[in-house]
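entry.pdb follows (PDB, C-alpha atoms):
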ATOM      1  CA  MET A  52      17.290  -7.152 -32.103
ATOM      2  CA  ALA A  53      18.221  -9.492 -29.266
ATOM      3  CA  SER A  54      16.150  -9.222 -26.128
ATOM      4  CA  SER A  55      17.737  -8.917 -22.719
ATOM      5  CA  SER A  56      17.618 -11.833 -20.346
ATOM      6  CA  PRO A  57      14.965 -11.137 -17.689
ATOM      7  CA  ALA A  58      17.635 -11.466 -15.002
ATOM      8  CA  THR A  59      19.728  -8.672 -16.507
ATOM      9  CA  SER A  60      17.155  -6.261 -17.920
ATOM     10  CA  PRO A  61      16.783  -2.928 -16.092
ATOM     11  CA  THR A  62      13.084  -3.648 -15.556
ATOM     12  CA  ALA A  63      13.832  -7.023 -13.986
ATOM     13  CA  ALA A  64      16.546  -5.475 -11.809
ATOM     14  CA  ILE A  65      14.131  -2.844 -10.477
ATOM     15  CA  ILE A  66      11.364  -5.394  -9.843
ATOM     16  CA  LYS A  67      13.833  -7.694  -8.054
ATOM     17  CA  CYS A  68      14.856  -4.749  -5.884
ATOM     18  CA  VAL A  69      11.278  -3.711  -5.099
ATOM     19  CA  ASN A  70      10.453  -7.291  -4.161
ATOM     20  CA  PHE A  71      13.555  -7.606  -1.968
ATOM     21  CA  ALA A  72      12.774  -4.331  -0.171
ATOM     22  CA  ALA A  73       9.089  -5.267   0.227
ATOM     23  CA  VAL A  74      10.001  -8.592   1.833
ATOM     24  CA  LYS A  75      12.533  -6.929   4.151
ATOM     25  CA  HIS A  76      10.152  -4.131   5.217
ATOM     26  CA  LYS A  77       6.986  -6.304   5.263
ATOM     27  CA  ASP A  78       6.151  -5.807   8.930
ATOM     28  CA  GLN A  79       7.108  -2.142   9.188
ATOM     29  CA  LYS A  80       4.825   0.892   9.143
ATOM     30  CA  ARG A  81       5.573   4.601   8.854
ATOM     31  CA  LYS A  82       4.944   6.743  11.956
ATOM     32  CA  ASP A  83       2.150   8.745  10.334
ATOM     33  CA  PRO A  84      -1.371   8.498  11.791
ATOM     34  CA  GLU A  85      -2.414   6.303   8.843
ATOM     35  CA  ARG A  86       0.382   3.810   9.666
ATOM     36  CA  THR A  87       1.348   3.728   5.995
ATOM     37  CA  PRO A  88       3.212   0.595   4.898
ATOM     38  CA  TYR A  89       6.930   1.358   5.190
ATOM     39  CA  ILE A  90       7.663   0.120   1.661
ATOM     40  CA  ASN A  91       5.902   3.232   0.343
ATOM     41  CA  HIS A  92       8.911   5.236   1.535
ATOM     42  CA  PRO A  93      11.733   3.578  -0.470
ATOM     43  CA  ILE A  94       9.485   3.315  -3.520
ATOM     44  CA  GLY A  95       8.642   7.011  -3.151
ATOM     45  CA  VAL A  96      12.328   7.923  -2.790
ATOM     46  CA  ALA A  97      13.136   6.042  -6.002
ATOM     47  CA  TYR A  98      10.217   7.715  -7.756
ATOM     48  CA  LEU A  99      11.439  11.180  -6.724
ATOM     49  CA  LEU A 100      14.755  10.341  -8.369
ATOM     50  CA  VAL A 101      12.937   9.340 -11.557
ATOM     51  CA  GLU A 102      11.000  12.635 -11.409
ATOM     52  CA  GLY A 103      14.371  14.364 -11.078
ATOM     53  CA  GLY A 104      15.602  12.757 -14.283
ATOM     54  CA  VAL A 105      17.811  10.124 -12.660
ATOM     55  CA  GLU A 106      18.138   7.042 -14.851
ATOM     56  CA  ASN A 107      21.168   5.419 -13.217
ATOM     57  CA  LEU A 108      20.016   1.891 -12.350
ATOM     58  CA  ASP A 109      22.448   1.581  -9.428
ATOM     59  CA  VAL A 110      21.107   4.787  -7.865
ATOM     60  CA  LEU A 111      17.487   3.720  -8.311
ATOM     61  CA  GLN A 112      18.196   0.302  -6.798
ATOM     62  CA  ALA A 113      20.088   1.890  -3.895
ATOM     63  CA  ALA A 114      17.112   4.198  -3.292
ATOM     64  CA  LEU A 115      14.819   1.186  -3.045
ATOM     65  CA  LEU A 116      17.239  -0.492  -0.632
ATOM     66  CA  HIS A 117      18.494   2.551   1.274
ATOM     67  CA  ASP A 118      16.869   1.642   4.610
ATOM     68  CA  THR A 119      17.173  -2.153   4.498
ATOM     69  CA  VAL A 120      20.526  -2.397   6.292
ATOM     70  CA  GLU A 121      19.685   0.345   8.770
ATOM     71  CA  ASP A 122      16.143  -0.740   9.636
ATOM     72  CA  THR A 123      15.951  -4.500   9.008
ATOM     73  CA  GLN A 124      18.138  -7.559   9.554
ATOM     74  CA  THR A 125      19.679  -7.136   6.080
ATOM     75  CA  THR A 126      23.474  -6.973   5.858
ATOM     76  CA  LEU A 127      25.639  -5.055   3.407
ATOM     77  CA  GLU A 128      27.076  -8.419   2.351
ATOM     78  CA  GLU A 129      23.583  -9.536   1.376
ATOM     79  CA  ILE A 130      23.087  -6.356  -0.691
ATOM     80  CA  LEU A 131      26.492  -6.930  -2.308
ATOM     81  CA  ASN A 132      25.669 -10.544  -3.190
ATOM     82  CA  GLU A 133      22.193  -9.731  -4.524
ATOM     83  CA  PHE A 134      22.782  -6.382  -6.262
ATOM     84  CA  GLY A 135      26.516  -5.902  -6.751
ATOM     85  CA  PRO A 136      29.257  -3.626  -5.451
ATOM     86  CA  GLU A 137      27.955  -0.350  -6.887
ATOM     87  CA  VAL A 138      24.533  -0.647  -5.252
ATOM     88  CA  ALA A 139      26.032  -1.966  -2.014
ATOM     89  CA  GLY A 140      28.489   0.929  -1.950
ATOM     90  CA  ILE A 141      25.750   3.539  -2.299
ATOM     91  CA  VAL A 142      23.628   1.822   0.356
ATOM     92  CA  ALA A 143      26.654   1.738   2.667
ATOM     93  CA  GLU A 144      27.199   5.475   2.208
ATOM     94  CA  VAL A 145      23.634   6.372   3.182
ATOM     95  CA  THR A 146      23.295   3.883   6.050
ATOM     96  CA  ASP A 147      23.601   5.194   9.595
ATOM     97  CA  ASN A 148      25.614   3.215  12.099
ATOM     98  CA  LYS A 149      22.898   2.182  14.573
ATOM     99  CA  THR A 150      25.488   1.400  17.269
ATOM    100  CA  LEU A 151      25.974   5.170  17.654
ATOM    101  CA  ASP A 152      23.518   7.352  19.548
ATOM    102  CA  LYS A 153      20.945   9.305  17.570
ATOM    103  CA  GLN A 154      22.623  12.719  17.932
ATOM    104  CA  GLU A 155      25.949  11.352  16.710
ATOM    105  CA  ARG A 156      24.274   9.672  13.725
ATOM    106  CA  LYS A 157      22.587  12.969  12.840
ATOM    107  CA  ARG A 158      25.869  14.873  13.208
ATOM    108  CA  LEU A 159      27.664  12.388  10.966
ATOM    109  CA  GLN A 160      25.001  12.730   8.270
ATOM    110  CA  ILE A 161      25.766  16.459   8.128
ATOM    111  CA  VAL A 162      29.535  15.906   8.105
ATOM    112  CA  LYS A 163      29.514  13.096   5.521
ATOM    113  CA  ALA A 164      27.102  14.765   3.089
ATOM    114  CA  ALA A 165      29.714  16.998   1.451
ATOM    115  CA  THR A 166      32.143  14.146   0.763
ATOM    116  CA  ALA A 167      29.589  11.525  -0.285
ATOM    117  CA  SER A 168      29.562  10.227  -3.844
ATOM    118  CA  ASN A 169      27.224  11.927  -6.295
ATOM    119  CA  GLU A 170      25.113   8.750  -6.301
ATOM    120  CA  ALA A 171      24.759   8.753  -2.513
ATOM    121  CA  LYS A 172      23.936  12.464  -2.546
ATOM    122  CA  LEU A 173      21.085  11.777  -4.977
ATOM    123  CA  VAL A 174      19.606   9.131  -2.672
ATOM    124  CA  LYS A 175      20.104  11.396   0.351
ATOM    125  CA  LEU A 176      18.362  14.352  -1.358
ATOM    126  CA  ALA A 177      15.391  12.224  -2.435
ATOM    127  CA  ASP A 178      15.158  10.624   1.016
ATOM    128  CA  LYS A 179      15.121  14.017   2.740
ATOM    129  CA  LEU A 180      12.568  15.367   0.253
ATOM    130  CA  TYR A 181      10.245  12.415   0.833
ATOM    131  CA  ASN A 182      10.544  12.703   4.613
ATOM    132  CA  LEU A 183      10.077  16.474   4.646
ATOM    133  CA  ARG A 184       7.012  16.270   2.411
ATOM    134  CA  ASP A 185       5.586  13.703   4.832
ATOM    135  CA  LEU A 186       6.357  15.954   7.821
ATOM    136  CA  ASP A 187       4.814  18.921   6.040
ATOM    137  CA  ARG A 188       1.665  16.877   5.388
ATOM    138  CA  VAL A 189       1.149  15.317   8.813
ATOM    139  CA  MET A 190       2.900  15.086  12.166
ATOM    140  CA  PRO A 191       4.150  11.590  13.045
ATOM    141  CA  GLU A 192       2.806   9.842  16.116
ATOM    142  CA  ASN A 193       4.511  10.983  19.326
ATOM    143  CA  TRP A 194       6.215  13.948  17.633
ATOM    144  CA  THR A 195       5.849  17.574  18.702
ATOM    145  CA  GLN A 196       5.840  20.622  16.472
ATOM    146  CA  LYS A 197       9.262  21.468  17.933
ATOM    147  CA  ARG A 198      10.660  18.103  16.841
ATOM    148  CA  VAL A 199       9.299  18.631  13.324
ATOM    149  CA  GLU A 200      10.977  22.057  13.186
ATOM    150  CA  GLU A 201      14.249  20.577  14.457
ATOM    151  CA  TYR A 202      14.088  17.886  11.776
ATOM    152  CA  PHE A 203      13.602  20.517   9.062
ATOM    153  CA  HIS A 204      16.603  22.519  10.310
ATOM    154  CA  TRP A 205      18.782  19.412  10.577
ATOM    155  CA  ALA A 206      17.711  18.216   7.100
ATOM    156  CA  ALA A 207      18.655  21.626   5.657
ATOM    157  CA  GLN A 208      22.175  21.111   6.982
ATOM    158  CA  VAL A 209      22.403  17.660   5.372
ATOM    159  CA  VAL A 210      21.007  19.015   2.104
ATOM    160  CA  ALA A 211      23.560  21.864   2.160
ATOM    161  CA  GLY A 212      26.317  19.279   1.796
ATOM    162  CA  CYS A 213      24.543  17.705  -1.185
ATOM    163  CA  ARG A 214      23.869  20.889  -3.158
ATOM    164  CA  GLY A 215      24.860  20.989  -6.806
ATOM    165  CA  THR A 216      23.715  17.418  -7.355
ATOM    166  CA  ASN A 217      20.182  17.619  -8.810
ATOM    167  CA  VAL A 218      18.326  20.830  -9.654
ATOM    168  CA  PHE A 219      14.838  19.312  -9.446
ATOM    169  CA  LEU A 220      15.305  17.733  -6.011
ATOM    170  CA  GLU A 221      17.003  20.829  -4.621
ATOM    171  CA  LYS A 222      14.251  23.147  -5.893
ATOM    172  CA  GLU A 223      11.583  20.912  -4.377
ATOM    173  CA  LEU A 224      13.455  20.877  -1.063
ATOM    174  CA  ASP A 225      13.865  24.658  -1.177
ATOM    175  CA  LYS A 226      10.105  25.088  -1.585
ATOM    176  CA  LEU A 227       9.617  23.263   1.712
ATOM    177  CA  PHE A 228      12.446  25.132   3.453
ATOM    178  CA  ILE A 229      11.027  28.479   2.318
ATOM    179  CA  LYS A 230       7.501  27.474   3.387
ATOM    180  CA  ARG A 231       8.847  26.512   6.830
ATOM    181  CA  LYS A 232      11.151  29.569   7.011
ATOM    182  CA  VAL A 233      14.234  27.351   7.293
ATOM    183  CA  PRO A 234      17.487  28.976   6.123
ATOM    184  CA  ILE A 235      18.734  27.218   2.985
ATOM    185  CA  ASP A 236      22.225  28.688   2.988
ATOM    186  CA  VAL A 237      23.413  26.927   6.160
TER     187      VAL A 237
END

Show how you would write the structure in this file as structure tokens.
Amino acid sequence: MASSSPATSPTAAIIKCVNFAAVKHKDQKRKDPERTPYINHPIGVAYLLVEGGVENLDVLQAALLHDTVEDTQTTLEEILNEFGPEVAGIVAEVTDNKTLDKQERKRLQIVKAATASNEAKLVKLADKLYNLRDLDRVMPENWTQKRVEEYFHWAAQVVAGCRGTNVFLEKELDKLFIKRKVPIDV
């Protein structure tokens, strides 16, 4: 049996992606009181996909990279050159346009969810699940309880457009929505 070249093996591809994301997010922290290293978030999003039975390498790589273009100096061209058109396409679908104001970006996430690719929906579901679990655990610095509740309600609207994509992720999200008394049939 021939072994895969390290550059093309799935394991090497994931490690390359984790390293790339770690370098890009190296100076960032989450907004929780512990100031968790930001890289924990994309790794956690990818892990939620694995827990949900997702084995698609492009989806897992996109999960690891999903915030690089939006939150660092990384460009989509750089993602394309490093990880290929499939990964870059998924990252592009889940990246907010930071030139728009926050409310418009949030509105567009709701609108675009229903027409996103299945791969982008998977990343979006895992991203929302990770963020909602964090919000359920601890309130971010400078957030109010009202803002947390608003985030849950907004996330439910985004998730509504992604339903029918992954049973595990959707059930885990529903547990949080039920706990927070957020309507899940928005």

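Against the coordinates shown, the PyMOL selection byres ((chain A and resi 121-124) around 7) returns A:Lys75, A:His76, A:Asp118, A:Thr119, A:Val120, A:Thr125, A:Thr126, A:Thr146, A:Asp147, A:Lys149.
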
Practice problem: Please provide the set of residues having any atom within 6 Å of stretch 172-176 of chain A, restricted to all atoms listed in the file, with same-chain residues fewer than 2 positions apart removed, written as a list in words. | Solution: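 Near stretch 172-176 of chain A, the qualifying residues are Ala114, Asn169, Glu170, Asp178, Lys179 and Cys213 of chain A.
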
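Residues matched by the PyMOL selection byres ((chain A and resi 83-88) around 9) in this file: His76, Lys77, Asp78, Gln79, Lys80, Arg81, Lys82, Tyr89, Ile90, Asn91, His92, Asp185, Leu186, Val189, Met190, Pro191 and Glu192 of chain A.
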
| task | Would you list the residues near (29.3, 1.0, -3.6) (no more than 12 Å away, in the coordinates of the file, using all atoms listed in the file) as a PyMOL selection string? | result | chain A and resi 109-110+112-113+117+127-128+130-131+134-146+167-171

Between atom CA of A:Asn217 and atom CA of A:Ile94 lies a distance of 18.6 Å

I would like the residues chosen by the PyMOL selection byres ((chain A and resi 210-212) around 8) on the shown file; could you give them as a PyMOL selection string?
chain A and resi 161-166+175-176+179+206-209+213-214+235-237
